[in-house]
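Raw input08.txt, compact mmCIF, C-alpha atoms (C1' of nucleotides):
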# COMPACT_ATOMS: atom_id res chain seq x y z
CA MET U 252 185.82 7.93 182.61
CA ASN U 253 185.26 11.58 183.37
CA ILE U 254 186.26 12.52 179.90
CA PHE U 255 183.22 10.61 178.72
CA ILE U 256 180.90 12.48 181.04
CA GLU U 257 182.46 15.72 179.90
CA TYR U 258 181.82 14.74 176.33
CA LEU U 259 178.21 13.96 177.10
CA THR U 260 177.52 17.13 179.00
CA SER U 261 179.06 19.17 176.20
CA ILE U 262 176.25 17.87 174.01
CA SER U 263 173.38 18.23 176.45
CA LYS U 264 173.06 19.17 180.09
CA LEU U 265 172.59 16.29 182.47
CA SER U 266 171.23 16.29 185.98
CA ASN U 267 173.57 15.18 188.74
CA SER U 268 171.50 12.14 189.34
CA ALA U 269 171.74 11.19 185.67
CA ILE U 270 175.49 11.62 185.76
CA HIS U 271 175.72 9.53 188.86
CA TYR U 272 173.58 6.87 187.27
CA ILE U 273 175.61 6.77 184.08
CA ASN U 274 178.84 6.42 186.04
CA GLU U 275 177.48 3.35 187.74
CA TYR U 276 177.26 1.55 184.45
CA LEU U 277 180.58 2.39 182.87
CA SER U 278 183.62 0.19 182.51
CA VAL U 279 187.03 0.83 181.03
CA GLU U 280 188.75 -1.49 178.59
CA LYS U 281 192.22 -1.41 177.15
CA ILE U 282 192.79 -3.01 173.78
CA PRO U 283 196.19 -3.40 172.14
CA LYS U 284 197.01 -2.35 168.62
CA LYS U 285 195.71 -4.26 165.61
CA GLN U 286 193.05 -6.20 167.39
CA VAL U 287 189.57 -6.84 166.06
CA PHE U 288 187.67 -6.38 169.29
CA VAL U 289 184.19 -6.28 167.78
CA GLN U 290 183.63 -9.03 165.27
CA GLU U 291 180.10 -8.20 164.27
CA LEU U 292 179.01 -4.72 165.20
CA SER U 293 175.29 -5.21 164.91
CA ALA U 294 175.56 -8.09 167.37
CA SER U 295 177.67 -6.08 169.80
CA LYS U 296 176.30 -5.97 173.30
CA LYS U 297 178.05 -2.75 174.22
CA LEU U 298 178.44 0.80 173.18
CA TYR U 299 181.99 2.15 173.27
CA PHE U 300 183.47 5.57 173.70
CA ILE U 301 187.07 6.12 172.62
CA LYS U 302 189.10 7.65 175.39
CA LYS U 303 192.41 7.26 173.65
CA GLY U 304 193.60 5.61 170.47
CA ILE U 305 192.44 5.00 166.91
CA VAL U 306 190.02 2.42 165.56
CA ARG U 307 188.37 1.72 162.27
CA ALA U 308 185.19 0.01 161.14
CA PHE U 309 185.39 -2.21 158.09
CA PHE U 310 183.44 -4.74 156.12
CA TYR U 311 183.77 -6.77 152.96
CA ASN U 312 182.21 -5.96 149.62
CA ASP U 313 182.92 -8.10 146.60
CA GLY U 314 185.77 -9.72 148.48
CA LYS U 315 187.38 -6.38 149.12
CA GLU U 316 187.82 -4.84 152.50
CA ILE U 317 186.18 -1.44 152.84
CA THR U 318 186.96 0.92 155.69
CA ASP U 319 183.81 2.72 156.62
CA TRP U 320 184.74 4.93 159.47
CA PHE U 321 187.66 6.04 161.59
CA GLY U 322 187.21 6.54 165.30
CA ILE U 323 189.51 8.77 167.25
CA GLU U 324 189.52 10.25 170.73
CA ASN U 325 186.16 11.48 171.94
CA MET U 326 184.05 9.53 169.51
CA ILE U 327 181.35 7.01 170.12
CA ILE U 328 181.65 3.76 168.24
CA GLY U 329 178.45 2.92 166.53
CA ALA U 330 176.89 6.34 166.67
CA THR U 331 178.03 6.68 163.09
CA VAL U 332 178.48 3.17 161.88
CA ARG U 333 175.34 1.11 162.09
CA ASN U 334 175.35 -0.16 165.56
CA PHE U 335 171.64 -0.74 165.79
CA PRO U 336 169.82 -3.95 166.42
CA ILE U 337 167.64 -3.03 163.44
CA LYS U 338 170.00 -3.60 160.60
CA ASN U 339 172.21 -6.56 159.88
CA THR U 340 175.53 -5.77 158.39
CA ARG U 341 178.97 -7.28 158.67
CA HIS U 342 180.97 -4.57 160.29
CA SER U 343 183.98 -5.28 162.43
CA ILE U 344 185.91 -2.86 164.57
CA GLU U 345 189.66 -3.00 164.86
CA THR U 346 192.14 -0.97 166.85
CA LEU U 347 194.86 0.67 164.81
CA GLU U 348 196.78 1.76 167.89
CA ASP U 349 196.64 0.88 171.55
CA THR U 350 193.24 2.05 172.63
CA GLU U 351 191.34 2.82 175.80
CA LEU U 352 187.61 2.52 175.70
CA VAL U 353 184.76 3.34 178.00
CA SER U 354 181.86 0.96 177.55
CA VAL U 355 178.22 0.64 178.53
CA SER U 356 176.14 -2.38 177.74
CA PHE U 357 173.13 -1.75 175.55
CA ASN U 358 171.01 -3.34 178.23
CA ASP U 359 172.12 -0.77 180.73
CA LEU U 360 171.88 1.99 178.19
CA GLU U 361 168.28 1.08 177.60
CA LYS U 362 167.65 1.31 181.33
CA LEU U 363 169.32 4.70 181.40
CA TYR U 364 167.15 5.92 178.58
CA GLN U 365 164.03 4.77 180.30
CA LYS U 366 164.83 6.11 183.74
CA HIS U 367 166.14 9.50 182.71
CA HIS U 368 164.45 11.75 180.29
CA ASP U 369 167.56 13.89 180.03
CA ILE U 370 169.62 10.89 178.94
CA GLU U 371 167.06 10.07 176.28
CA ARG U 372 167.38 13.63 175.09
CA LEU U 373 171.12 13.28 175.02
CA GLY U 374 170.72 10.18 172.88
CA ARG U 375 168.56 12.13 170.47
CA LEU U 376 171.08 14.94 170.19
CA ILE U 377 173.94 12.53 169.61
CA ALA U 378 171.90 10.98 166.82
CA ILE U 379 171.36 14.41 165.30
CA ASN U 380 175.08 15.08 165.36
CA THR U 381 175.57 11.79 163.61
CA ILE U 382 173.05 12.81 160.97
CA LEU U 383 174.97 16.01 160.32
CA PHE U 384 178.20 14.08 160.02
CA LEU U 385 176.71 11.62 157.56
CA GLN U 386 175.07 14.29 155.49
CA HIS U 387 178.37 16.04 155.18
CA LYS U 388 179.94 12.80 154.06
CA ILE U 389 177.27 12.41 151.39
CA ASP U 390 177.91 15.95 150.18
CA THR U 391 181.64 15.48 149.88
CA GLN U 392 181.23 12.17 148.11
CA GLN U 393 178.77 13.56 145.68
CA LEU U 394 180.19 16.96 144.99
CA PHE U 395 183.93 16.67 145.51
CA SER U 396 186.57 15.19 143.25
CA ALA U 397 188.93 12.56 144.57
CA LYS U 398 191.55 15.20 145.26
CA GLU U 399 189.13 17.45 147.08
CA ARG U 400 187.96 14.58 149.21
CA TYR U 401 191.50 13.77 150.17
CA ASP U 402 192.30 17.39 150.98
CA GLU U 403 189.31 17.60 153.20
CA PHE U 404 190.27 14.39 154.94
CA VAL U 405 193.74 15.75 155.64
CA TYR U 406 192.17 18.87 157.07
CA LYS U 407 189.68 16.97 159.17
CA TYR U 408 191.95 14.23 160.44
CA PRO U 409 195.46 15.67 160.35
CA ASN U 410 196.73 13.02 162.73
CA LEU U 411 195.52 10.05 160.79
CA ILE U 412 197.36 10.52 157.51
CA ASN U 413 200.70 9.33 158.77
CA ARG U 414 199.41 6.78 161.20
CA VAL U 415 196.94 4.84 159.10
CA PRO U 416 197.68 2.72 156.01
CA LEU U 417 196.87 4.50 152.80
CA GLY U 418 194.61 1.73 151.60
CA TYR U 419 192.24 2.22 154.51
CA ILE U 420 191.95 5.91 153.80
CA ALA U 421 191.41 5.28 150.09
CA SER U 422 188.49 2.97 150.70
CA TYR U 423 187.07 5.35 153.26
CA LEU U 424 187.16 8.09 150.67
CA GLY U 425 185.65 5.83 148.05
CA MET U 426 188.59 5.69 145.71
CA ASN U 427 191.22 3.32 144.50
CA GLN U 428 194.36 3.03 146.57
CA VAL U 429 196.45 3.74 143.48
CA THR U 430 194.42 6.85 142.75
CA LEU U 431 195.03 8.14 146.25
CA SER U 432 198.73 7.52 145.93
CA ARG U 433 198.76 9.57 142.74
CA ILE U 434 196.79 12.39 144.27
CA ARG U 435 199.12 12.54 147.18
CA ASN U 436 202.02 12.96 144.78
CA GLN U 437 200.11 15.77 143.10
CA TYR U 438 200.12 14.11 139.66
CA MET O 58 146.20 14.27 160.68
CA ASN O 59 145.64 10.79 162.03
CA ILE O 60 147.90 9.35 159.43
CA PHE O 61 150.68 11.29 161.09
CA ILE O 62 149.91 9.87 164.52
CA GLU O 63 149.76 6.41 163.00
CA TYR O 64 153.15 6.98 161.46
CA LEU O 65 154.56 8.09 164.80
CA THR O 66 153.15 5.24 166.80
CA SER O 67 154.48 2.77 164.25
CA ILE O 68 157.93 3.96 165.25
CA SER O 69 157.45 4.10 168.99
CA LYS O 70 154.55 3.64 171.36
CA LEU O 71 153.03 6.84 172.68
CA SER O 72 150.87 7.36 175.72
CA ASN O 73 147.35 8.64 175.11
CA SER O 74 148.21 11.88 176.78
CA ALA O 75 151.19 12.34 174.47
CA ILE O 76 149.01 11.68 171.45
CA HIS O 77 146.46 14.12 172.68
CA TYR O 78 149.14 16.70 173.28
CA ILE O 79 150.67 16.25 169.84
CA ASN O 80 147.30 16.63 168.17
CA GLU O 81 146.84 19.98 169.84
CA TYR O 82 149.82 21.37 168.02
CA LEU O 83 149.24 20.11 164.50
CA SER O 84 148.01 22.05 161.53
CA VAL O 85 147.33 21.02 157.97
CA GLU O 86 148.56 22.90 154.91
CA LYS O 87 147.85 22.41 151.26
CA ILE O 88 150.46 23.53 148.77
CA PRO O 89 149.97 23.51 145.01
CA LYS O 90 152.39 21.96 142.55
CA LYS O 91 155.76 23.57 141.80
CA GLN O 92 155.86 25.87 144.73
CA VAL O 93 158.92 26.57 146.83
CA PHE O 94 157.24 26.64 150.21
CA VAL O 95 160.40 26.58 152.31
CA GLN O 96 163.00 29.02 151.09
CA GLU O 97 165.71 28.31 153.59
CA LEU O 98 165.29 25.06 155.41
CA SER O 99 167.62 25.73 158.30
CA ALA O 100 165.61 28.86 159.07
CA SER O 101 162.30 27.06 158.86
CA LYS O 102 160.11 27.48 161.89
CA LYS O 103 158.17 24.29 161.33
CA LEU O 104 158.58 20.61 160.88
CA TYR O 105 156.46 19.06 158.14
CA PHE O 106 155.05 15.63 157.55
CA ILE O 107 153.94 14.71 154.04
CA LYS O 108 150.40 13.42 154.04
CA LYS O 109 150.07 13.37 150.28
CA GLY O 110 152.19 14.54 147.37
CA ILE O 111 155.80 14.76 146.35
CA VAL O 112 158.43 17.31 147.32
CA ARG O 113 162.14 17.71 146.83
CA ALA O 114 164.94 19.45 148.67
CA PHE O 115 167.52 21.24 146.58
CA PHE O 116 170.41 23.64 146.83
CA TYR O 117 172.99 25.22 144.60
CA ASN O 118 176.56 24.13 144.19
CA ASP O 119 178.85 25.82 141.71
CA GLY O 120 175.83 27.49 140.16
CA LYS O 121 174.18 24.13 139.58
CA GLU O 122 171.02 23.03 141.21
CA ILE O 123 171.41 19.80 143.18
CA THR O 124 168.44 17.78 144.35
CA ASP O 125 169.28 16.32 147.69
CA TRP O 126 166.24 14.41 148.73
CA PHE O 127 162.78 13.39 147.58
CA GLY O 128 159.92 13.39 150.01
CA ILE O 129 156.86 11.26 149.43
CA GLU O 130 153.86 10.23 151.49
CA ASN O 131 154.64 9.38 155.10
CA MET O 132 157.94 11.15 155.29
CA ILE O 133 159.11 13.87 157.57
CA ILE O 134 160.74 16.85 155.91
CA GLY O 135 164.00 17.65 157.53
CA ALA O 136 164.50 14.37 159.31
CA THR O 137 166.79 13.50 156.45
CA VAL O 138 167.80 16.79 155.02
CA ARG O 139 169.49 19.09 157.49
CA ASN O 140 166.68 20.79 159.22
CA PHE O 141 168.55 21.66 162.33
CA PRO O 142 169.30 25.02 163.80
CA ILE O 143 172.88 23.83 164.13
CA LYS O 144 173.99 23.92 160.56
CA ASN O 145 173.57 26.61 157.99
CA THR O 146 172.93 25.44 154.52
CA ARG O 147 170.90 26.76 151.63
CA HIS O 148 168.28 24.15 151.14
CA SER O 149 164.90 24.93 149.71
CA ILE O 150 161.89 22.68 149.56
CA GLU O 151 159.60 22.61 146.57
CA THR O 152 156.44 20.69 145.84
CA LEU O 153 156.54 18.62 142.67
CA GLU O 154 152.83 17.82 142.87
CA ASP O 155 149.92 19.15 144.86
CA THR O 156 150.82 18.35 148.40
CA GLU O 157 149.16 18.11 151.79
CA LEU O 158 151.32 18.62 154.81
CA VAL O 159 150.91 18.30 158.53
CA SER O 160 153.05 20.78 160.40
CA VAL O 161 154.26 21.47 163.91
CA SER O 162 156.29 24.49 164.85
CA PHE O 163 159.72 23.79 166.26
CA ASN O 164 158.77 25.85 169.27
CA ASP O 165 155.90 23.54 170.01
CA LEU O 166 157.96 20.50 169.19
CA GLU O 167 160.50 21.58 171.75
CA LYS O 168 157.73 21.85 174.31
CA LEU O 169 156.52 18.40 173.37
CA TYR O 170 159.98 16.97 173.81
CA GLN O 171 160.33 18.55 177.19
CA LYS O 172 156.97 17.60 178.55
CA HIS O 173 156.84 14.04 177.32
CA HIS O 174 159.64 11.61 177.72
CA ASP O 175 158.01 9.26 175.23
CA ILE O 176 157.98 11.94 172.56
CA GLU O 177 161.64 12.59 173.16
CA ARG O 178 162.22 8.88 172.69
CA LEU O 179 160.24 8.97 169.49
CA GLY O 180 162.45 11.79 168.27
CA ARG O 181 165.51 9.70 169.02
CA LEU O 182 164.16 6.73 167.13
CA ILE O 183 163.24 8.84 164.12
CA ALA O 184 166.77 10.16 164.12
CA ILE O 185 168.10 6.59 164.18
CA ASN O 186 165.96 5.69 161.19
CA THR O 187 167.37 8.71 159.43
CA ILE O 188 170.89 7.53 160.22
CA LEU O 189 170.16 4.16 158.67
CA PHE O 190 168.75 5.82 155.59
CA LEU O 191 171.78 8.05 155.19
CA GLN O 192 174.24 5.26 155.76
CA HIS O 193 172.57 3.27 153.07
CA LYS O 194 172.86 6.22 150.75
CA ILE O 195 176.56 6.47 151.49
CA ASP O 196 176.99 2.78 150.73
CA THR O 197 175.23 2.95 147.42
CA GLN O 198 177.13 6.05 146.39
CA GLN O 199 180.43 4.55 147.28
CA LEU O 200 179.99 0.99 146.14
CA PHE O 201 177.51 1.10 143.28
CA SER O 202 178.04 2.10 139.68
CA ALA O 203 175.82 4.74 138.11
CA LYS O 204 173.62 2.03 136.62
CA GLU O 205 173.29 0.18 139.89
CA ARG O 206 172.35 3.37 141.68
CA TYR O 207 169.65 4.07 139.15
CA ASP O 208 168.30 0.53 139.35
CA GLU O 209 168.07 0.80 143.08
CA PHE O 210 166.32 4.12 142.83
CA VAL O 211 163.72 2.64 140.49
CA TYR O 212 163.19 -0.17 142.94
CA LYS O 213 162.94 2.13 145.92
CA TYR O 214 160.81 4.87 144.38
CA PRO O 215 158.87 3.21 141.57
CA ASN O 216 156.37 6.06 141.48
CA LEU O 217 158.87 8.83 141.08
CA ILE O 218 160.55 7.83 137.83
CA ASN O 219 157.76 8.98 135.60
CA ARG O 220 156.62 11.87 137.68
CA VAL O 221 159.85 13.68 138.37
CA PRO O 222 162.16 15.35 135.83
CA LEU O 223 165.16 13.23 134.99
CA GLY O 224 167.59 15.98 135.88
CA TYR O 225 166.43 16.00 139.47
CA ILE O 226 166.92 12.27 139.78
CA ALA O 227 170.35 12.47 138.15
CA SER O 228 171.61 15.02 140.62
CA TYR O 229 170.09 13.07 143.49
CA LEU O 230 172.02 10.03 142.34
CA GLY O 231 175.18 12.04 141.91
CA MET O 232 175.54 11.69 138.19
CA ASN O 233 175.25 13.73 135.04
CA GLN O 234 171.82 14.08 133.52
CA VAL O 235 173.20 12.88 130.21
CA THR O 236 174.70 9.83 131.87
CA LEU O 237 171.37 8.95 133.41
CA SER O 238 169.63 9.29 130.09
CA ARG O 239 172.12 6.87 128.55
CA ILE O 240 171.75 4.38 131.37
CA ARG O 241 168.04 4.42 131.03
CA ASN O 242 168.40 3.56 127.37
CA GLN O 243 170.66 0.71 128.39
CA TYR O 244 173.67 1.93 126.42
C1' DC Z 107 222.39 -5.42 160.08
C1' DT Z 108 220.06 -8.53 156.75
C1' DT Z 109 216.07 -10.78 155.35
C1' DT Z 110 211.19 -10.86 154.93
C1' DC Z 111 206.86 -8.92 154.71
C1' DT Z 112 203.98 -5.07 154.02
C1' DT Z 113 202.91 -0.73 152.07
C1' DT Z 114 203.42 2.77 148.64
C1' DT Z 115 204.58 4.40 144.18
C1' DT Z 116 204.97 4.17 139.22
C1' DA Z 117 203.53 2.76 134.56
C1' DG Z 118 200.43 1.77 130.97
C1' DC Z 119 196.15 0.86 129.49
C1' DA Z 120 190.83 0.42 130.10
C1' DA Z 121 186.45 1.80 131.56
C1' DA Z 122 183.22 4.95 133.49
C1' DA Z 123 181.36 9.12 133.67
C1' DG Z 124 181.51 14.26 132.46
C1' DC Z 125 180.88 18.10 129.27
C1' DT Z 126 179.00 20.88 125.30
C1' DA Z 127 175.94 21.30 121.91
C1' DA Z 128 172.36 20.11 118.94
C1' DA Z 129 168.35 17.33 117.62
C1' DA Z 130 164.15 15.13 118.99
C1' DA Z 131 160.33 14.56 121.93
C1' DA Z 132 157.13 15.92 125.26
C1' DT Z 133 154.56 19.33 127.77
C1' DC Z 134 152.23 23.61 128.31
C1' DA Z 135 149.60 27.60 127.13
C1' DA Z 136 147.28 30.61 124.14
C1' DT Y 42 145.62 22.94 117.36
C1' DT Y 43 149.77 25.25 117.07
C1' DG Y 44 153.58 27.64 118.57
C1' DA Y 45 156.72 28.07 122.51
C1' DT Y 46 159.07 26.21 126.29
C1' DT Y 47 160.97 22.54 128.74
C1' DT Y 48 162.81 18.00 128.99
C1' DT Y 49 165.14 14.07 127.11
C1' DT Y 50 168.08 11.84 123.92
C1' DT Y 51 172.00 11.43 120.87
C1' DA Y 52 176.74 12.39 119.31
C1' DG Y 53 181.55 13.17 119.83
C1' DC Y 54 185.19 14.14 122.59
C1' DT Y 55 187.63 14.85 127.29
C1' DT Y 56 188.67 13.89 131.88
C1' DT Y 57 188.73 11.22 135.83
C1' DT Y 58 189.26 7.24 138.06
C1' DG Y 59 189.96 2.14 137.94
C1' DC Y 60 192.68 -2.00 137.23
C1' DT Y 61 196.82 -5.10 136.95
C1' DA Y 62 201.30 -5.75 137.70
C1' DA Y 63 205.82 -4.66 138.87
C1' DA Y 64 209.29 -1.79 141.17
C1' DA Y 65 210.61 0.82 145.13
C1' DA Y 66 210.46 2.06 149.78
C1' DG Y 67 209.56 1.22 154.63
C1' DA Y 68 208.76 -1.52 158.69
C1' DA Y 69 209.36 -5.58 161.41
C1' DA Y 70 211.79 -9.72 162.93
C1' DG Y 71 215.51 -12.68 163.53
Spell out the structure here as C-alpha cells.
Amino acid sequence: MNIFIEYLTSISKLSNSAIHYINEYLSVEKIPKKQVFVQELSASKKLYFIKKGIVRAFFYNDGKEITDWFGIENMIIGATVRNFPIKNTRHSIETLEDTELVSVSFNDLEKLYQKHHDIERLGRLIAINTILFLQHKIDTQQLFSAKERYDEFVYKYPNLINRVPLGYIASYLGMNQVTLSRIRNQY
Amino acid sequence: MNIFIEYLTSISKLSNSAIHYINEYLSVEKIPKKQVFVQELSASKKLYFIKKGIVRAFFYNDGKEITDWFGIENMIIGATVRNFPIKNTRHSIETLEDTELVSVSFNDLEKLYQKHHDIERLGRLIAINTILFLQHKIDTQQLFSAKERYDEFVYKYPNLINRVPLGYIASYLGMNQVTLSRIRNQY
DNA sequence: CTTTCTTTTTAGCAAAAGCTAAAAAATCAA
DNA sequence: TTGATTTTTTAGCTTTTGCTAAAAAGAAAG
C-alpha cells in the first residue's frame, strides 16, 4: 500500500498521524483480467487506487458502449470519472489486465476528511488535478483533429496502444473505430 | 457580498467564525462592459465571484479566438477555467456586460484554507462541482451533434443567446460560426 | 495444429461540419 | 438620421468523419 501513500504525499504533505490513520483504513484487492468489478460507479461504496494493472470505465449511449476513461498504475478510480454520490450515471469499471487495487470505503474516507484537515486539503488538490486533466481533454476534443487526438493519446499512454482493443480507444477519443483504424494506417 | 456567502453556504455549511473571516477578505469591484479585466488568468492574483453581469474566458488557438467559458451570476471565475498556478495558459477574461464582482486574493484564500478546515472542505466541494460540470461538457462534445449541443446550450443559458455574439457561442460549442448560424435557422 | 471467435482493416458511399467570400442585417457613433 | 462598423446569414464547394458490410488478420480453445 505504500505506493499509495507515496502517491498521496507527492500531491500534498501529510502529517504522520494522518498517514497512520489512512493506513488503518486501506485494503488491497486483486482482480483478474476482464472482470467488471464495479457495476455501477455512482453506487460504489469504495474509492480505488490502481497499484498495478489497467482498467477502463464505460457506459452505454444509444446502445453503444463508450469507453470514458482508462486507468493505469498510480491513478485513482473515480477522481476523473464521476464517482460522486451527487450524479447518477451508468458507469461500470472493468479490468483489462490483472489488477491490484488499494481501496478505502467512502464511509471511512469521509471520516478521514473530517478528522484531518490535511487530508481534506489533499482531497481538494486531487480534485484540482482532475480538473486540469478534464480541461485538457476538452481542449483536445475541441481543437484537435481525429489524427491529432490519436497522436496525443499515443504520446500520453504509450503502453496502452498495443494492450487495449482499438474500439475502446476510438470511443475514448470520440471517433469511429473505422476512422481510427484508417488514421493508424496513415491514410 | 452576502450573495457570495449565501452561494458558499449552499455548497457546504460554514461556521460563523469562518463566515466572519471570509467577509474580512472580500472586496467588490465594478467593471464596465467589454473590458478585459484579467489579461492572463493563470497569473491572476485574485479569485472572482460574479455578483451580476456576464463575462467570458477566451484564448487564442491558431490565431483564432476561442471562447472557453461563460460566467454568469453566481459563478466563480476560475473554478471552471484553469485558474491555477499549476498550469500556464493564455486565458483572458472579459466582461460582456456591466459586471459586479466580489474578489478575494489568492494569498488571503490560502490563509483561509489553512486556518479553517471547513473552508478547505468548501474548496474541495466546489472543485467537485467543477468536475461534474466539465465531465458533462465532455459528454456533450463527444456524444452530441452540433445541433444537439446548441439546443442544450439554449436550454442551459437561455439568457445568453440574445446577449452574446454568435461567434463566441459557436467557439464555445466547438463549431464553426457559419455552422451555428445554419443550425439556428434550422437548415 | 485446426477451428472458432474476436478484432482490425479495407472499400465505397453518405452525412456532418468546415472554409471562403459576399450579401444582408443589426448596432453604434457622429 | 445617416454613414460606418460589426455581426449574422446565405451560397457553393471541400474536407473530415461516419456508417455498413465484408475481407483479412490475430488470438484463443479444443
Practice item. Compile the contact shell of Z:DA135 as a list in words: residues with an atom at most 10 Å away, counting all atoms listed in the file, same-chain residues fewer than 6 positions apart removed. Key: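 My list of contacting residues is DG44, DA45 and DT46 of chain Y.
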**Study point:** Interatomic distance, atom CA of O:Ala227 to atom C1' of Z:DA131 (Å, one decimal)
**Key:** 19.2 Å
Please build the interface table for chain O against chain Z with a cut-off of 9 Å, listing for each qualifying residue the nearest atom pair and the distance in Å to one decimal; count all atoms listed in the file, order rows by chain and increasing number, and write it as JSON lines.
{"residue": "O:Ser202", "atom": "CA", "partner": "Z:DA122", "partner_atom": "C1'", "distance": 8.6}
{"residue": "O:Ala203", "atom": "CA", "partner": "Z:DA123", "partner_atom": "C1'", "distance": 8.3}
{"residue": "O:Met232", "atom": "CA", "partner": "Z:DA123", "partner_atom": "C1'", "distance": 7.8}
{"residue": "O:Asn233", "atom": "CA", "partner": "Z:DG124", "partner_atom": "C1'", "distance": 6.8}
{"residue": "O:Val235", "atom": "CA", "partner": "Z:DG124", "partner_atom": "C1'", "distance": 8.7}
{"residue": "O:Thr236", "atom": "CA", "partner": "Z:DA123", "partner_atom": "C1'", "distance": 6.9}
Enumerate as a PDB file with C-alpha atoms, keeping the file's coordinate frame the residues belonging to chain U that approach chain O to within 7 Å, with all atoms listed in the file taken into account.
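Saved to part-v7.pdb:
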ATOM      1  CA  ARG U 333     175.340   1.110 162.090  1.00  0.00           C
ATOM      2  CA  HIS U 368     164.450  11.750 180.290  1.00  0.00           C
ATOM      3  CA  GLU U 371     167.060  10.070 176.280  1.00  0.00           C
ATOM      4  CA  ARG U 372     167.380  13.630 175.090  1.00  0.00           C
ATOM      5  CA  GLY U 374     170.720  10.180 172.880  1.00  0.00           C
ATOM      6  CA  ARG U 375     168.560  12.130 170.470  1.00  0.00           C
ATOM      7  CA  ALA U 378     171.900  10.980 166.820  1.00  0.00           C
ATOM      8  CA  ILE U 379     171.360  14.410 165.300  1.00  0.00           C
ATOM      9  CA  ILE U 382     173.050  12.810 160.970  1.00  0.00           C
ATOM     10  CA  LEU U 383     174.970  16.010 160.320  1.00  0.00           C
ATOM     11  CA  LEU U 385     176.710  11.620 157.560  1.00  0.00           C
ATOM     12  CA  ILE U 389     177.270  12.410 151.390  1.00  0.00           C
ATOM     13  CA  GLN U 393     178.770  13.560 145.680  1.00  0.00           C
ATOM     14  CA  GLY U 425     185.650   5.830 148.050  1.00  0.00           C
TER      15      GLY U 425
END
Practice item. Identify every residue of chain Y that has at least one atom within 9 Å of any atom of chain O, counting only C-alpha atoms (C1' of nucleotides), and report the result as number ranges by chain. Key: Y: 48-51
Restricting the output to C-alpha atoms (C1' of nucleotides), write the selected residues as a compact mmCIF listing (two decimals), keeping the file's coordinate frame.
# COMPACT_ATOMS: atom_id res chain seq x y z
C1' DT Y 48 162.81 18.00 128.99
C1' DT Y 49 165.14 14.07 127.11
C1' DT Y 50 168.08 11.84 123.92
C1' DT Y 51 172.00 11.43 120.87
Could you give me stretch 226-237 of chain O completed to N, CA, C and O atoms, formatted as a short mmCIF file (atom, residue, chain, number, x, y, z; two decimals), keeping the file's coordinate frame?
data_model
loop_
_atom_site.label_atom_id
_atom_site.label_comp_id
_atom_site.auth_asym_id
_atom_site.auth_seq_id
_atom_site.Cartn_x
_atom_site.Cartn_y
_atom_site.Cartn_z
N ILE O 226 166.51 13.60 139.34
CA ILE O 226 166.92 12.27 139.78
C ILE O 226 168.42 12.10 139.57
O ILE O 226 169.13 11.58 140.43
N ALA O 227 168.91 12.58 138.43
CA ALA O 227 170.35 12.47 138.15
C ALA O 227 171.17 13.14 139.25
O ALA O 227 172.10 12.53 139.78
N SER O 228 170.79 14.36 139.62
CA SER O 228 171.61 15.02 140.62
C SER O 228 171.45 14.35 141.99
O SER O 228 172.40 14.27 142.76
N TYR O 229 170.28 13.83 142.25
CA TYR O 229 170.09 13.07 143.49
C TYR O 229 171.03 11.87 143.54
O TYR O 229 171.60 11.55 144.58
N LEU O 230 171.18 11.23 142.40
CA LEU O 230 172.02 10.03 142.34
C LEU O 230 173.49 10.36 142.12
O LEU O 230 174.33 9.47 142.03
N GLY O 231 173.78 11.64 142.05
CA GLY O 231 175.18 12.04 141.91
C GLY O 231 175.77 11.73 140.55
O GLY O 231 176.92 11.34 140.46
N MET O 232 174.99 11.90 139.52
CA MET O 232 175.54 11.69 138.19
C MET O 232 174.98 12.72 137.23
O MET O 232 174.01 13.41 137.52
N ASN O 233 175.63 12.81 136.10
CA ASN O 233 175.25 13.73 135.04
C ASN O 233 173.90 13.34 134.46
O ASN O 233 173.60 12.17 134.31
N GLN O 234 173.14 14.35 134.09
CA GLN O 234 171.82 14.08 133.52
C GLN O 234 171.95 13.28 132.23
O GLN O 234 171.16 12.41 131.94
N VAL O 235 172.97 13.58 131.47
CA VAL O 235 173.20 12.88 130.21
C VAL O 235 173.56 11.41 130.47
O VAL O 235 173.09 10.51 129.77
N THR O 236 174.35 11.21 131.49
CA THR O 236 174.70 9.83 131.87
C THR O 236 173.45 9.04 132.23
O THR O 236 173.27 7.90 131.79
N LEU O 237 172.58 9.66 133.00
CA LEU O 237 171.37 8.95 133.41
C LEU O 237 170.49 8.62 132.20
O LEU O 237 169.94 7.53 132.10
#
